[in-house]
Amino acid sequence: MLTNPLLLVGFLAVTALALWAQFAVKSTFARYAKVPARAGLTGAEVAHFVLEAGGAQGVKVEAVHGFLSDHYDPRRKVLRLSPEVYSGRTVAAFGVAAHEAGHAIQHAHRYAALTFRNMVVPTASLGSSLGIPLILIGLLFQITSLAIAGLVFFALVVFFQLLTLPVEFDASRRAVQVLSGRGLIQSPEEEKGVKAVLTAAALTYVAAAVAAVFWLLYYGSLVLGGRRNN
């Protein structure tokens, strides 16, 4: 279906960006996971410190299985850290733990972008399940209205991906602000490492958003182009 040279180039570009983003986050984390943080705290202790400093009360910090499976669950007010982060006393652990704590702080202070993104989650989940199947079925059986409905559902997924970007950037900003302001990172090298880890992690969200926009434009060209030809 990617017979147009420009579409093929776009596909290769977004694929390369996604692969590079995954490589960057893993390699950057691995690099700074070998650099001890002078403060000597674990990632779990850093998370507790940042939560308290940011005014996020009643948030539990738990260990969870999986590599870089760290996340904040706003429904249960639980911050879950992967083993390397939870027990790690490294610059990488500091950065990731503080970033996830930043999401809890956003939730506690009702950060507008996070609140709006959470409101979009149910419709985005529905769009993720129905979007592409409806588009493909509509194109296959030449049911334009069905394909357009799928396109709308998929657009909701793209919208969610774009909303995620400011939320992630703000969480990283809060993380660096607290770590630097409260003396948890104690040298320019440590701050550089924390920012490198957070930047690499943010790149994965940028890559996902770029890919989502590309596929929306691609499917949109198929659906709307076919409609004009009918």
# chains A, B, ... in the order shown; residues from 1 in each chain; ligands from 1
call {"tool": "residues_around", "arguments": {"residues": "Gly138 in chain A", "least_positions_apart": "3", "cutoff": "10 Å", "atoms": "only C-alpha atoms", "output": "PyMOL selection string"}}
result
chain A and resi 132-135+141-150+223
call {"tool": "residues_around", "arguments": {"residues": "range 187-201 of chain A", "least_positions_apart": "2", "cutoff": "10 Å", "atoms": "only C-alpha atoms", "output": "mmCIF file with N, CA, C and O atoms, in the first residue's frame"}}
result
data_model
loop_
_atom_site.group_PDB
_atom_site.id
_atom_site.type_symbol
_atom_site.label_atom_id
_atom_site.label_comp_id
_atom_site.auth_asym_id
_atom_site.auth_seq_id
_atom_site.Cartn_x
_atom_site.Cartn_y
_atom_site.Cartn_z
ATOM 1 N N TRP A 20 15.491 4.430 16.901
ATOM 2 C CA TRP A 20 16.544 5.240 17.509
ATOM 3 C C TRP A 20 16.149 5.678 18.915
ATOM 4 O O TRP A 20 16.964 5.679 19.830
ATOM 5 N N ALA A 21 14.864 6.042 19.085
ATOM 6 C CA ALA A 21 14.381 6.472 20.400
ATOM 7 C C ALA A 21 14.491 5.342 21.411
ATOM 8 O O ALA A 21 14.919 5.553 22.555
ATOM 9 N N GLN A 22 14.126 4.131 20.998
ATOM 10 C CA GLN A 22 14.228 2.985 21.902
ATOM 11 C C GLN A 22 15.678 2.694 22.257
ATOM 12 O O GLN A 22 16.007 2.408 23.421
ATOM 13 N N PHE A 23 16.541 2.781 21.263
ATOM 14 C CA PHE A 23 17.970 2.561 21.523
ATOM 15 C C PHE A 23 18.517 3.638 22.454
ATOM 16 O O PHE A 23 19.278 3.348 23.387
ATOM 17 N N ALA A 24 18.114 4.889 22.217
ATOM 18 C CA ALA A 24 18.628 6.010 23.010
ATOM 19 C C ALA A 24 18.239 5.885 24.471
ATOM 20 O O ALA A 24 19.068 6.096 25.369
ATOM 21 N N VAL A 25 16.981 5.528 24.740
ATOM 22 C CA VAL A 25 16.539 5.464 26.130
ATOM 23 C C VAL A 25 17.219 4.316 26.858
ATOM 24 O O VAL A 25 17.631 4.453 28.021
ATOM 25 N N LYS A 26 17.375 3.165 26.185
ATOM 26 C CA LYS A 26 18.016 2.021 26.830
ATOM 27 C C LYS A 26 19.502 2.257 27.058
ATOM 28 O O LYS A 26 20.037 1.967 28.135
ATOM 29 N N SER A 27 20.174 2.803 26.044
ATOM 30 C CA SER A 27 21.620 3.020 26.167
ATOM 31 C C SER A 27 21.936 4.135 27.152
ATOM 32 O O SER A 27 22.900 4.042 27.929
ATOM 33 N N THR A 28 21.122 5.191 27.149
ATOM 34 C CA THR A 28 21.362 6.303 28.074
ATOM 35 C C THR A 28 21.113 5.873 29.508
ATOM 36 O O THR A 28 21.887 6.197 30.417
ATOM 37 N N PHE A 29 20.033 5.120 29.726
ATOM 38 C CA PHE A 29 19.762 4.620 31.074
ATOM 39 C C PHE A 29 20.885 3.695 31.531
ATOM 40 O O PHE A 29 21.357 3.788 32.676
ATOM 41 N N ALA A 30 21.318 2.791 30.640
ATOM 42 C CA ALA A 30 22.389 1.854 30.999
ATOM 43 C C ALA A 30 23.678 2.603 31.348
ATOM 44 O O ALA A 30 24.399 2.226 32.282
ATOM 45 N N ARG A 31 23.950 3.665 30.617
ATOM 46 C CA ARG A 31 25.165 4.451 30.877
ATOM 47 C C ARG A 31 25.132 5.083 32.259
ATOM 48 O O ARG A 31 26.078 4.962 33.038
ATOM 49 N N TYR A 32 24.030 5.751 32.569
ATOM 50 C CA TYR A 32 23.968 6.473 33.840
ATOM 51 C C TYR A 32 23.525 5.595 35.003
ATOM 52 O O TYR A 32 23.568 6.036 36.159
ATOM 53 N N ALA A 33 23.121 4.365 34.703
ATOM 54 C CA ALA A 33 22.866 3.403 35.776
ATOM 55 C C ALA A 33 24.176 2.911 36.384
ATOM 56 O O ALA A 33 24.161 2.242 37.422
ATOM 57 N N VAL A 35 26.564 5.183 37.052
ATOM 58 C CA VAL A 35 27.123 6.374 37.701
ATOM 59 C C VAL A 35 26.449 6.561 39.062
ATOM 60 O O VAL A 35 25.274 6.935 39.132
ATOM 61 N N PRO A 36 27.161 6.312 40.162
ATOM 62 C CA PRO A 36 26.558 6.485 41.496
ATOM 63 C C PRO A 36 26.212 7.953 41.758
ATOM 64 O O PRO A 36 26.957 8.860 41.378
ATOM 65 N N ALA A 37 25.069 8.167 42.400
ATOM 66 C CA ALA A 37 24.679 9.518 42.803
ATOM 67 C C ALA A 37 25.301 9.815 44.164
ATOM 68 O O ALA A 37 25.250 8.991 45.081
ATOM 69 N N ARG A 38 25.884 10.979 44.311
ATOM 70 C CA ARG A 38 26.618 11.314 45.532
ATOM 71 C C ARG A 38 25.722 11.378 46.759
ATOM 72 O O ARG A 38 26.175 11.152 47.878
ATOM 73 N N LEU A 68 12.362 -0.655 33.041
ATOM 74 C CA LEU A 68 11.800 0.671 32.779
ATOM 75 C C LEU A 68 10.272 0.621 32.685
ATOM 76 O O LEU A 68 9.661 1.240 31.810
ATOM 77 N N THR A 90 21.735 5.448 41.673
ATOM 78 C CA THR A 90 22.466 5.992 40.532
ATOM 79 C C THR A 90 21.784 7.244 39.991
ATOM 80 O O THR A 90 20.628 7.548 40.327
ATOM 81 N N VAL A 91 22.511 7.922 39.128
ATOM 82 C CA VAL A 91 21.966 9.120 38.480
ATOM 83 C C VAL A 91 20.736 8.752 37.647
ATOM 84 O O VAL A 91 19.740 9.489 37.634
ATOM 85 N N ALA A 92 20.787 7.612 36.967
ATOM 86 C CA ALA A 92 19.647 7.182 36.159
ATOM 87 C C ALA A 92 18.418 6.932 37.030
ATOM 88 O O ALA A 92 17.303 7.342 36.696
ATOM 89 N N ALA A 93 18.614 6.254 38.157
ATOM 90 C CA ALA A 93 17.503 5.973 39.066
ATOM 91 C C ALA A 93 16.901 7.259 39.612
ATOM 92 O O ALA A 93 15.675 7.384 39.731
ATOM 93 N N PHE A 94 17.763 8.213 39.933
ATOM 94 C CA PHE A 94 17.286 9.503 40.438
ATOM 95 C C PHE A 94 16.374 10.175 39.413
ATOM 96 O O PHE A 94 15.291 10.671 39.744
ATOM 97 N N GLY A 95 16.823 10.207 38.155
ATOM 98 C CA GLY A 95 16.059 10.895 37.118
ATOM 99 C C GLY A 95 14.698 10.276 36.882
ATOM 100 O O GLY A 95 13.678 10.979 36.847
ATOM 101 N N VAL A 96 14.656 8.950 36.749
ATOM 102 C CA VAL A 96 13.396 8.278 36.468
ATOM 103 C C VAL A 96 12.440 8.374 37.657
ATOM 104 O O VAL A 96 11.251 8.651 37.493
ATOM 105 N N ALA A 98 12.332 10.623 40.049
ATOM 106 C CA ALA A 98 11.844 11.995 40.203
ATOM 107 C C ALA A 98 10.837 12.348 39.121
ATOM 108 O O ALA A 98 9.847 13.059 39.377
ATOM 109 N N HIS A 99 11.047 11.840 37.910
ATOM 110 C CA HIS A 99 10.105 12.098 36.814
ATOM 111 C C HIS A 99 8.727 11.524 37.136
ATOM 112 O O HIS A 99 7.705 12.213 36.976
ATOM 113 N N GLU A 168 4.549 14.947 29.774
ATOM 114 C CA GLU A 168 5.847 14.329 30.031
ATOM 115 C C GLU A 168 6.942 15.390 30.202
ATOM 116 O O GLU A 168 7.798 15.271 31.088
ATOM 117 N N PHE A 169 6.932 16.409 29.370
ATOM 118 C CA PHE A 169 7.939 17.468 29.475
ATOM 119 C C PHE A 169 7.838 18.199 30.815
ATOM 120 O O PHE A 169 8.850 18.525 31.442
ATOM 121 N N ALA A 171 6.602 16.988 33.646
ATOM 122 C CA ALA A 171 7.039 16.099 34.728
ATOM 123 C C ALA A 171 8.560 16.098 34.841
ATOM 124 O O ALA A 171 9.118 16.104 35.942
ATOM 125 N N SER A 172 9.241 16.107 33.704
ATOM 126 C CA SER A 172 10.701 16.148 33.708
ATOM 127 C C SER A 172 11.201 17.479 34.255
ATOM 128 O O SER A 172 12.189 17.532 35.004
ATOM 129 N N ARG A 173 10.526 18.554 33.884
ATOM 130 C CA ARG A 173 10.912 19.874 34.397
ATOM 131 C C ARG A 173 10.793 19.924 35.911
ATOM 132 O O ARG A 173 11.693 20.418 36.606
ATOM 133 N N ALA A 175 10.919 17.393 37.911
ATOM 134 C CA ALA A 175 11.923 16.490 38.477
ATOM 135 C C ALA A 175 13.268 17.186 38.636
ATOM 136 O O ALA A 175 13.885 17.162 39.710
ATOM 137 N N VAL A 176 13.725 17.822 37.563
ATOM 138 C CA VAL A 176 15.024 18.504 37.610
ATOM 139 C C VAL A 176 14.989 19.657 38.601
ATOM 140 O O VAL A 176 15.957 19.892 39.341
ATOM 141 N N LEU A 179 15.192 18.125 42.184
ATOM 142 C CA LEU A 179 16.493 17.493 42.410
ATOM 143 C C LEU A 179 17.596 18.527 42.562
ATOM 144 O O LEU A 179 18.465 18.411 43.438
ATOM 145 N N SER A 180 17.565 19.548 41.722
ATOM 146 C CA SER A 180 18.594 20.600 41.790
ATOM 147 C C SER A 180 18.364 21.520 42.974
ATOM 148 O O SER A 180 19.303 21.854 43.707
ATOM 149 N N GLY A 183 19.203 19.911 46.399
ATOM 150 C CA GLY A 183 20.555 19.381 46.578
ATOM 151 C C GLY A 183 20.698 17.879 46.427
ATOM 152 O O GLY A 183 21.695 17.305 46.878
ATOM 153 N N LEU A 184 19.736 17.230 45.779
ATOM 154 C CA LEU A 184 19.847 15.787 45.595
ATOM 155 C C LEU A 184 20.836 15.434 44.486
ATOM 156 O O LEU A 184 21.427 14.348 44.494
ATOM 157 N N ILE A 185 20.977 16.307 43.503
ATOM 158 C CA ILE A 185 22.053 16.140 42.540
ATOM 159 C C ILE A 185 23.095 17.210 42.859
ATOM 160 O O ILE A 185 22.783 18.383 42.967
ATOM 161 N N LEU A 203 12.084 11.392 24.206
ATOM 162 C CA LEU A 203 12.188 11.130 22.772
ATOM 163 C C LEU A 203 11.280 9.994 22.340
ATOM 164 O O LEU A 203 10.751 9.994 21.216
ATOM 165 N N THR A 204 11.056 9.009 23.214
ATOM 166 C CA THR A 204 10.173 7.900 22.854
ATOM 167 C C THR A 204 8.735 8.389 22.659
ATOM 168 O O THR A 204 8.020 7.898 21.786
ATOM 169 N N TYR A 205 8.326 9.367 23.468
ATOM 170 C CA TYR A 205 6.976 9.921 23.319
ATOM 171 C C TYR A 205 6.877 10.773 22.058
ATOM 172 O O TYR A 205 5.840 10.763 21.376
ATOM 173 N N VAL A 206 7.941 11.495 21.753
ATOM 174 C CA VAL A 206 7.966 12.291 20.524
ATOM 175 C C VAL A 206 7.871 11.369 19.312
ATOM 176 O O VAL A 206 7.103 11.632 18.376
#
call {"tool": "select_by_dssp", "arguments": {"residues": "range 29-136 of chain A", "states": "strand (DSSP E or B)", "output": "list in words"}}
result
Pro36, Lys60, Val61, Glu62, Ala63, His71, Tyr72, Asp73, Val78, Leu79, Arg80, Leu81 and Thr90 of chain A
call {"tool": "write_last_selection", "arguments": {"atoms": "all heavy atoms", "output": "CSV table (one decimal), in the first residue's frame"}}
result
chain,number,residue,atom,x,y,z
A,36,PRO,N,27.2,6.3,40.2
A,36,PRO,CA,26.6,6.5,41.5
A,36,PRO,C,26.2,8.0,41.8
A,36,PRO,O,27.0,8.9,41.4
A,36,PRO,CB,27.7,6.0,42.4
A,36,PRO,CG,28.6,5.2,41.6
A,36,PRO,CD,28.5,5.8,40.2
A,60,LYS,N,1.7,6.1,47.6
A,60,LYS,CA,2.5,5.0,47.9
A,60,LYS,C,3.6,4.8,46.8
A,60,LYS,O,3.3,5.1,45.6
A,60,LYS,CB,1.7,3.7,48.0
A,60,LYS,CG,0.7,3.8,49.2
A,60,LYS,CD,-0.1,2.4,49.3
A,60,LYS,CE,-1.1,2.5,50.4
A,60,LYS,NZ,-1.8,1.2,50.5
A,61,VAL,N,4.7,4.3,47.2
A,61,VAL,CA,5.8,4.0,46.3
A,61,VAL,C,6.1,2.5,46.4
A,61,VAL,O,6.4,2.0,47.4
A,61,VAL,CB,7.1,4.8,46.6
A,61,VAL,CG1,8.2,4.4,45.6
A,61,VAL,CG2,6.8,6.3,46.6
A,62,GLU,N,5.9,1.8,45.2
A,62,GLU,CA,6.1,0.3,45.2
A,62,GLU,C,7.0,-0.1,44.1
A,62,GLU,O,7.2,0.6,43.1
A,62,GLU,CB,4.7,-0.3,45.0
A,62,GLU,CG,3.6,-0.1,46.0
A,62,GLU,CD,2.3,-0.7,45.7
A,62,GLU,OE1,2.2,-1.2,44.5
A,62,GLU,OE2,1.4,-0.7,46.5
A,63,ALA,N,7.6,-1.3,44.3
A,63,ALA,CA,8.4,-1.9,43.3
A,63,ALA,C,7.5,-2.7,42.3
A,63,ALA,O,6.5,-3.2,42.7
A,63,ALA,CB,9.5,-2.8,43.9
A,71,HIS,N,5.9,3.9,36.4
A,71,HIS,CA,4.7,4.7,36.0
A,71,HIS,C,4.0,5.1,37.3
A,71,HIS,O,4.2,4.5,38.4
A,71,HIS,CB,3.8,3.9,35.2
A,71,HIS,CG,3.2,2.7,35.8
A,71,HIS,ND1,3.9,1.5,35.9
A,71,HIS,CD2,2.0,2.5,36.4
A,71,HIS,CE1,3.1,0.6,36.6
A,71,HIS,NE2,2.0,1.2,36.9
A,72,TYR,N,3.1,6.1,37.2
A,72,TYR,CA,2.3,6.6,38.3
A,72,TYR,C,0.9,6.2,37.9
A,72,TYR,O,0.4,6.5,36.8
A,72,TYR,CB,2.4,8.1,38.5
A,72,TYR,CG,1.4,8.6,39.4
A,72,TYR,CD1,1.5,8.3,40.8
A,72,TYR,CD2,0.4,9.5,39.0
A,72,TYR,CE1,0.5,8.7,41.7
A,72,TYR,CE2,-0.5,10.0,39.9
A,72,TYR,CZ,-0.4,9.6,41.3
A,72,TYR,OH,-1.4,10.1,42.1
A,73,ASP,N,0.2,5.6,38.9
A,73,ASP,CA,-1.2,5.2,38.7
A,73,ASP,C,-2.1,6.2,39.5
A,73,ASP,O,-2.2,6.2,40.7
A,73,ASP,CB,-1.4,3.8,39.3
A,73,ASP,CG,-2.9,3.3,39.1
A,73,ASP,OD1,-3.7,4.1,38.8
A,73,ASP,OD2,-3.1,2.1,39.3
A,78,VAL,N,-0.6,5.4,43.4
A,78,VAL,CA,0.6,4.5,43.6
A,78,VAL,C,1.6,4.8,42.5
A,78,VAL,O,1.3,4.9,41.3
A,78,VAL,CB,0.2,3.0,43.5
A,78,VAL,CG1,1.5,2.2,43.7
A,78,VAL,CG2,-0.8,2.7,44.6
A,79,LEU,N,2.9,5.1,43.0
A,79,LEU,CA,4.0,5.3,42.1
A,79,LEU,C,4.8,4.0,42.1
A,79,LEU,O,5.3,3.5,43.1
A,79,LEU,CB,4.8,6.4,42.6
A,79,LEU,CG,5.9,7.1,41.7
A,79,LEU,CD1,6.2,8.4,42.2
A,79,LEU,CD2,7.1,6.2,41.5
A,80,ARG,N,4.9,3.4,40.9
A,80,ARG,CA,5.5,2.1,40.8
A,80,ARG,C,6.8,2.2,40.0
A,80,ARG,O,6.9,2.8,39.0
A,80,ARG,CB,4.6,1.1,40.0
A,80,ARG,CG,3.3,0.8,40.8
A,80,ARG,CD,2.5,-0.3,40.1
A,80,ARG,NE,1.3,-0.5,40.9
A,80,ARG,CZ,0.1,0.0,40.6
A,80,ARG,NH1,-0.1,0.8,39.6
A,80,ARG,NH2,-1.0,-0.3,41.3
A,81,LEU,N,7.9,1.7,40.6
A,81,LEU,CA,9.2,1.8,40.1
A,81,LEU,C,9.8,0.4,39.8
A,81,LEU,O,9.7,-0.5,40.5
A,81,LEU,CB,10.1,2.5,41.1
A,81,LEU,CG,9.7,3.9,41.5
A,81,LEU,CD1,10.7,4.5,42.6
A,81,LEU,CD2,9.7,4.9,40.3
A,90,THR,N,21.7,5.4,41.7
A,90,THR,CA,22.5,6.0,40.5
A,90,THR,C,21.8,7.2,40.0
A,90,THR,O,20.6,7.5,40.3
A,90,THR,CB,22.5,5.0,39.4
A,90,THR,OG1,21.2,4.7,38.9
A,90,THR,CG2,23.2,3.6,39.9
call {"tool": "select_by_dssp", "arguments": {"residues": "range 4-179 of chain A", "states": "alpha helix (DSSP H)", "output": "ChimeraX atom specification"}}
result
/A:5-32,43-54,83-86,91-108,112-140,144-179
call {"tool": "atom_distance", "arguments": {"atom1": "CA of Asn118 in chain A", "atom2": "CA of Gly220 in chain A"}}
result
26.0 Å
call {"tool": "residues_around", "arguments": {"residues": "Pro166 in chain A", "least_positions_apart": "3", "cutoff": "12 Å", "atoms": "only C-alpha atoms", "output": "PyMOL selection string"}}
result
chain A and resi 103+106+111-117+160-163+169-173+202+205-206+209
call {"tool": "write_last_selection", "arguments": {"atoms": "N, CA and C atoms", "output": "PDB file, in the first residue's frame"}}
result
ATOM      1  N   HIS A 103       4.779  13.265  37.970  1.00  0.00           N
ATOM      2  CA  HIS A 103       3.398  12.993  37.546  1.00  0.00           C
ATOM      3  C   HIS A 103       2.446  13.003  38.740  1.00  0.00           C
ATOM      4  N   GLN A 106       1.803  16.531  39.566  1.00  0.00           N
ATOM      5  CA  GLN A 106       0.834  17.081  38.614  1.00  0.00           C
ATOM      6  C   GLN A 106      -0.588  16.704  39.024  1.00  0.00           C
ATOM      7  N   TYR A 111      -2.880  19.539  37.526  1.00  0.00           N
ATOM      8  CA  TYR A 111      -2.250  20.116  36.344  1.00  0.00           C
ATOM      9  C   TYR A 111      -3.186  19.939  35.148  1.00  0.00           C
ATOM     10  N   ALA A 112      -3.509  21.035  34.483  1.00  0.00           N
ATOM     11  CA  ALA A 112      -4.570  21.039  33.477  1.00  0.00           C
ATOM     12  C   ALA A 112      -4.342  20.039  32.354  1.00  0.00           C
ATOM     13  N   ALA A 113      -3.125  19.986  31.835  1.00  0.00           N
ATOM     14  CA  ALA A 113      -2.852  19.084  30.708  1.00  0.00           C
ATOM     15  C   ALA A 113      -3.031  17.626  31.117  1.00  0.00           C
ATOM     16  N   LEU A 114      -2.602  17.279  32.336  1.00  0.00           N
ATOM     17  CA  LEU A 114      -2.767  15.902  32.820  1.00  0.00           C
ATOM     18  C   LEU A 114      -4.235  15.581  33.029  1.00  0.00           C
ATOM     19  N   THR A 115      -4.968  16.505  33.627  1.00  0.00           N
ATOM     20  CA  THR A 115      -6.399  16.294  33.860  1.00  0.00           C
ATOM     21  C   THR A 115      -7.134  16.065  32.549  1.00  0.00           C
ATOM     22  N   PHE A 116      -6.819  16.899  31.556  1.00  0.00           N
ATOM     23  CA  PHE A 116      -7.462  16.773  30.250  1.00  0.00           C
ATOM     24  C   PHE A 116      -7.087  15.455  29.582  1.00  0.00           C
ATOM     25  N   ARG A 117      -5.794  15.075  29.690  1.00  0.00           N
ATOM     26  CA  ARG A 117      -5.361  13.819  29.078  1.00  0.00           C
ATOM     27  C   ARG A 117      -6.075  12.634  29.712  1.00  0.00           C
ATOM     28  N   PHE A 160      -4.521  11.989  21.771  1.00  0.00           N
ATOM     29  CA  PHE A 160      -4.006  11.563  23.074  1.00  0.00           C
ATOM     30  C   PHE A 160      -2.478  11.561  23.075  1.00  0.00           C
ATOM     31  N   GLN A 161      -1.882  11.079  22.003  1.00  0.00           N
ATOM     32  CA  GLN A 161      -0.422  11.049  21.907  1.00  0.00           C
ATOM     33  C   GLN A 161       0.153  12.466  21.970  1.00  0.00           C
ATOM     34  N   LEU A 162      -0.491  13.402  21.312  1.00  0.00           N
ATOM     35  CA  LEU A 162      -0.016  14.784  21.325  1.00  0.00           C
ATOM     36  C   LEU A 162      -0.200  15.421  22.700  1.00  0.00           C
ATOM     37  N   LEU A 163      -1.295  15.084  23.380  1.00  0.00           N
ATOM     38  CA  LEU A 163      -1.524  15.598  24.730  1.00  0.00           C
ATOM     39  C   LEU A 163      -0.484  15.083  25.719  1.00  0.00           C
ATOM     40  N   PHE A 169       6.932  16.409  29.370  1.00  0.00           N
ATOM     41  CA  PHE A 169       7.939  17.468  29.475  1.00  0.00           C
ATOM     42  C   PHE A 169       7.838  18.199  30.815  1.00  0.00           C
ATOM     43  N   ASP A 170       6.600  18.445  31.251  1.00  0.00           N
ATOM     44  CA  ASP A 170       6.404  19.146  32.521  1.00  0.00           C
ATOM     45  C   ASP A 170       6.852  18.297  33.695  1.00  0.00           C
ATOM     46  N   ALA A 171       6.602  16.988  33.646  1.00  0.00           N
ATOM     47  CA  ALA A 171       7.039  16.099  34.728  1.00  0.00           C
ATOM     48  C   ALA A 171       8.560  16.098  34.841  1.00  0.00           C
ATOM     49  N   SER A 172       9.241  16.107  33.704  1.00  0.00           N
ATOM     50  CA  SER A 172      10.701  16.148  33.708  1.00  0.00           C
ATOM     51  C   SER A 172      11.201  17.479  34.255  1.00  0.00           C
ATOM     52  N   ARG A 173      10.526  18.554  33.884  1.00  0.00           N
ATOM     53  CA  ARG A 173      10.912  19.874  34.397  1.00  0.00           C
ATOM     54  C   ARG A 173      10.793  19.924  35.911  1.00  0.00           C
ATOM     55  N   ALA A 202      11.892  11.161  26.931  1.00  0.00           N
ATOM     56  CA  ALA A 202      10.924  12.021  26.236  1.00  0.00           C
ATOM     57  C   ALA A 202      10.926  11.765  24.738  1.00  0.00           C
ATOM     58  N   TYR A 205       8.326   9.367  23.468  1.00  0.00           N
ATOM     59  CA  TYR A 205       6.976   9.921  23.319  1.00  0.00           C
ATOM     60  C   TYR A 205       6.877  10.773  22.058  1.00  0.00           C
ATOM     61  N   VAL A 206       7.941  11.495  21.753  1.00  0.00           N
ATOM     62  CA  VAL A 206       7.966  12.291  20.524  1.00  0.00           C
ATOM     63  C   VAL A 206       7.871  11.369  19.312  1.00  0.00           C
ATOM     64  N   ALA A 209       4.374  10.058  18.911  1.00  0.00           N
ATOM     65  CA  ALA A 209       3.462  11.085  18.403  1.00  0.00           C
ATOM     66  C   ALA A 209       3.685  11.309  16.910  1.00  0.00           C
TER      67      ALA A 209
END
call {"tool": "closest_residue", "arguments": {"among": "A:Val50, A:Ala13, A:Ala108, A:Ala18", "to": "Arg182 in chain A", "atoms": "only C-alpha atoms"}}
result
A:Val50
call {"tool": "closest_residue", "arguments": {"among": "A:Val121, A:Ala208, A:Leu136, A:Ile105", "to": "Gly55 in chain A", "atoms": "only C-alpha atoms"}}
result
A:Ile105
call {"tool": "atom_distance", "arguments": {"atom1": "CA of Thr123 in chain A", "atom2": "CA of Val152 in chain A"}}
result
10.8 Å
call {"tool": "residues_around", "arguments": {"residues": "Gly66 in chain A", "least_positions_apart": "3", "cutoff": "10 Å", "atoms": "only C-alpha atoms", "output": "number ranges by chain"}}
result
A: 63, 69-70, 81-84
call {"tool": "write_last_selection", "arguments": {"atoms": "all heavy atoms", "output": "PDB file, in the first residue's frame"}}
result
ATOM      1  N   ALA A  63       7.602  -1.270  44.321  1.00  0.00           N
ATOM      2  CA  ALA A  63       8.434  -1.872  43.285  1.00  0.00           C
ATOM      3  C   ALA A  63       7.537  -2.658  42.333  1.00  0.00           C
ATOM      4  O   ALA A  63       6.518  -3.225  42.745  1.00  0.00           O
ATOM      5  CB  ALA A  63       9.480  -2.793  43.900  1.00  0.00           C
ATOM      6  N   SER A  69       9.676  -0.117  33.602  1.00  0.00           N
ATOM      7  CA  SER A  69       8.215  -0.221  33.680  1.00  0.00           C
ATOM      8  C   SER A  69       7.636   0.811  34.638  1.00  0.00           C
ATOM      9  O   SER A  69       6.490   0.703  35.078  1.00  0.00           O
ATOM     10  CB  SER A  69       7.823  -1.630  34.141  1.00  0.00           C
ATOM     11  OG  SER A  69       8.504  -1.963  35.344  1.00  0.00           O
ATOM     12  N   ASP A  70       8.420   1.821  34.967  1.00  0.00           N
ATOM     13  CA  ASP A  70       8.046   2.834  35.953  1.00  0.00           C
ATOM     14  C   ASP A  70       6.826   3.631  35.478  1.00  0.00           C
ATOM     15  O   ASP A  70       6.745   4.037  34.317  1.00  0.00           O
ATOM     16  CB  ASP A  70       9.222   3.783  36.174  1.00  0.00           C
ATOM     17  CG  ASP A  70      10.528   3.034  36.360  1.00  0.00           C
ATOM     18  OD1 ASP A  70      11.179   2.723  35.329  1.00  0.00           O
ATOM     19  OD2 ASP A  70      10.895   2.736  37.487  1.00  0.00           O
ATOM     20  N   LEU A  81       7.894   1.675  40.642  1.00  0.00           N
ATOM     21  CA  LEU A  81       9.242   1.809  40.094  1.00  0.00           C
ATOM     22  C   LEU A  81       9.823   0.433  39.776  1.00  0.00           C
ATOM     23  O   LEU A  81       9.650  -0.512  40.543  1.00  0.00           O
ATOM     24  CB  LEU A  81      10.148   2.528  41.099  1.00  0.00           C
ATOM     25  CG  LEU A  81       9.712   3.935  41.523  1.00  0.00           C
ATOM     26  CD1 LEU A  81      10.657   4.482  42.580  1.00  0.00           C
ATOM     27  CD2 LEU A  81       9.658   4.865  40.316  1.00  0.00           C
ATOM     28  N   SER A  82      10.507   0.349  38.654  1.00  0.00           N
ATOM     29  CA  SER A  82      11.171  -0.890  38.262  1.00  0.00           C
ATOM     30  C   SER A  82      12.309  -1.188  39.234  1.00  0.00           C
ATOM     31  O   SER A  82      12.797  -0.288  39.937  1.00  0.00           O
ATOM     32  CB  SER A  82      11.706  -0.766  36.835  1.00  0.00           C
ATOM     33  OG  SER A  82      12.617   0.313  36.745  1.00  0.00           O
ATOM     34  N   PRO A  83      12.768  -2.436  39.312  1.00  0.00           N
ATOM     35  CA  PRO A  83      13.808  -2.800  40.288  1.00  0.00           C
ATOM     36  C   PRO A  83      15.070  -1.954  40.202  1.00  0.00           C
ATOM     37  O   PRO A  83      15.626  -1.548  41.233  1.00  0.00           O
ATOM     38  CB  PRO A  83      14.109  -4.266  39.934  1.00  0.00           C
ATOM     39  CG  PRO A  83      12.849  -4.767  39.322  1.00  0.00           C
ATOM     40  CD  PRO A  83      12.279  -3.615  38.564  1.00  0.00           C
ATOM     41  N   GLU A  84      15.505  -1.650  38.959  1.00  0.00           N
ATOM     42  CA  GLU A  84      16.733  -0.859  38.786  1.00  0.00           C
ATOM     43  C   GLU A  84      16.581   0.558  39.324  1.00  0.00           C
ATOM     44  O   GLU A  84      17.556   1.180  39.748  1.00  0.00           O
ATOM     45  CB  GLU A  84      17.111  -0.798  37.301  1.00  0.00           C
ATOM     46  CG  GLU A  84      17.444  -2.134  36.669  1.00  0.00           C
ATOM     47  CD  GLU A  84      16.207  -2.862  36.173  1.00  0.00           C
ATOM     48  OE1 GLU A  84      15.080  -2.356  36.393  1.00  0.00           O
ATOM     49  OE2 GLU A  84      16.367  -3.933  35.569  1.00  0.00           O
TER      50      GLU A  84
END
call {"tool": "residues_around", "arguments": {"residues": "Trp215 in chain A", "least_positions_apart": "6", "cutoff": "10 Å", "atoms": "only C-alpha atoms", "output": "list in words"}}
result
Leu7, Gly10, Phe11, Val14, Ile132, Phe154, Ala155, Val158 and Ser221 of chain A
call {"tool": "write_last_selection", "arguments": {"atoms": "C-alpha atoms", "output": "short mmCIF file (atom, residue, chain, number, x, y, z; two decimals), in the first residue's frame"}}
result
data_model
loop_
_atom_site.label_atom_id
_atom_site.label_comp_id
_atom_site.auth_asym_id
_atom_site.auth_seq_id
_atom_site.Cartn_x
_atom_site.Cartn_y
_atom_site.Cartn_z
CA LEU A 7 4.96 7.75 1.75
CA GLY A 10 7.94 8.85 5.55
CA PHE A 11 7.39 5.29 6.75
CA VAL A 14 9.21 7.30 11.44
CA ILE A 132 -7.67 0.93 12.24
CA PHE A 154 -7.90 6.92 15.17
CA ALA A 155 -7.66 10.72 15.34
CA VAL A 158 -3.33 10.76 17.83
CA SER A 221 -5.21 10.10 2.29
#
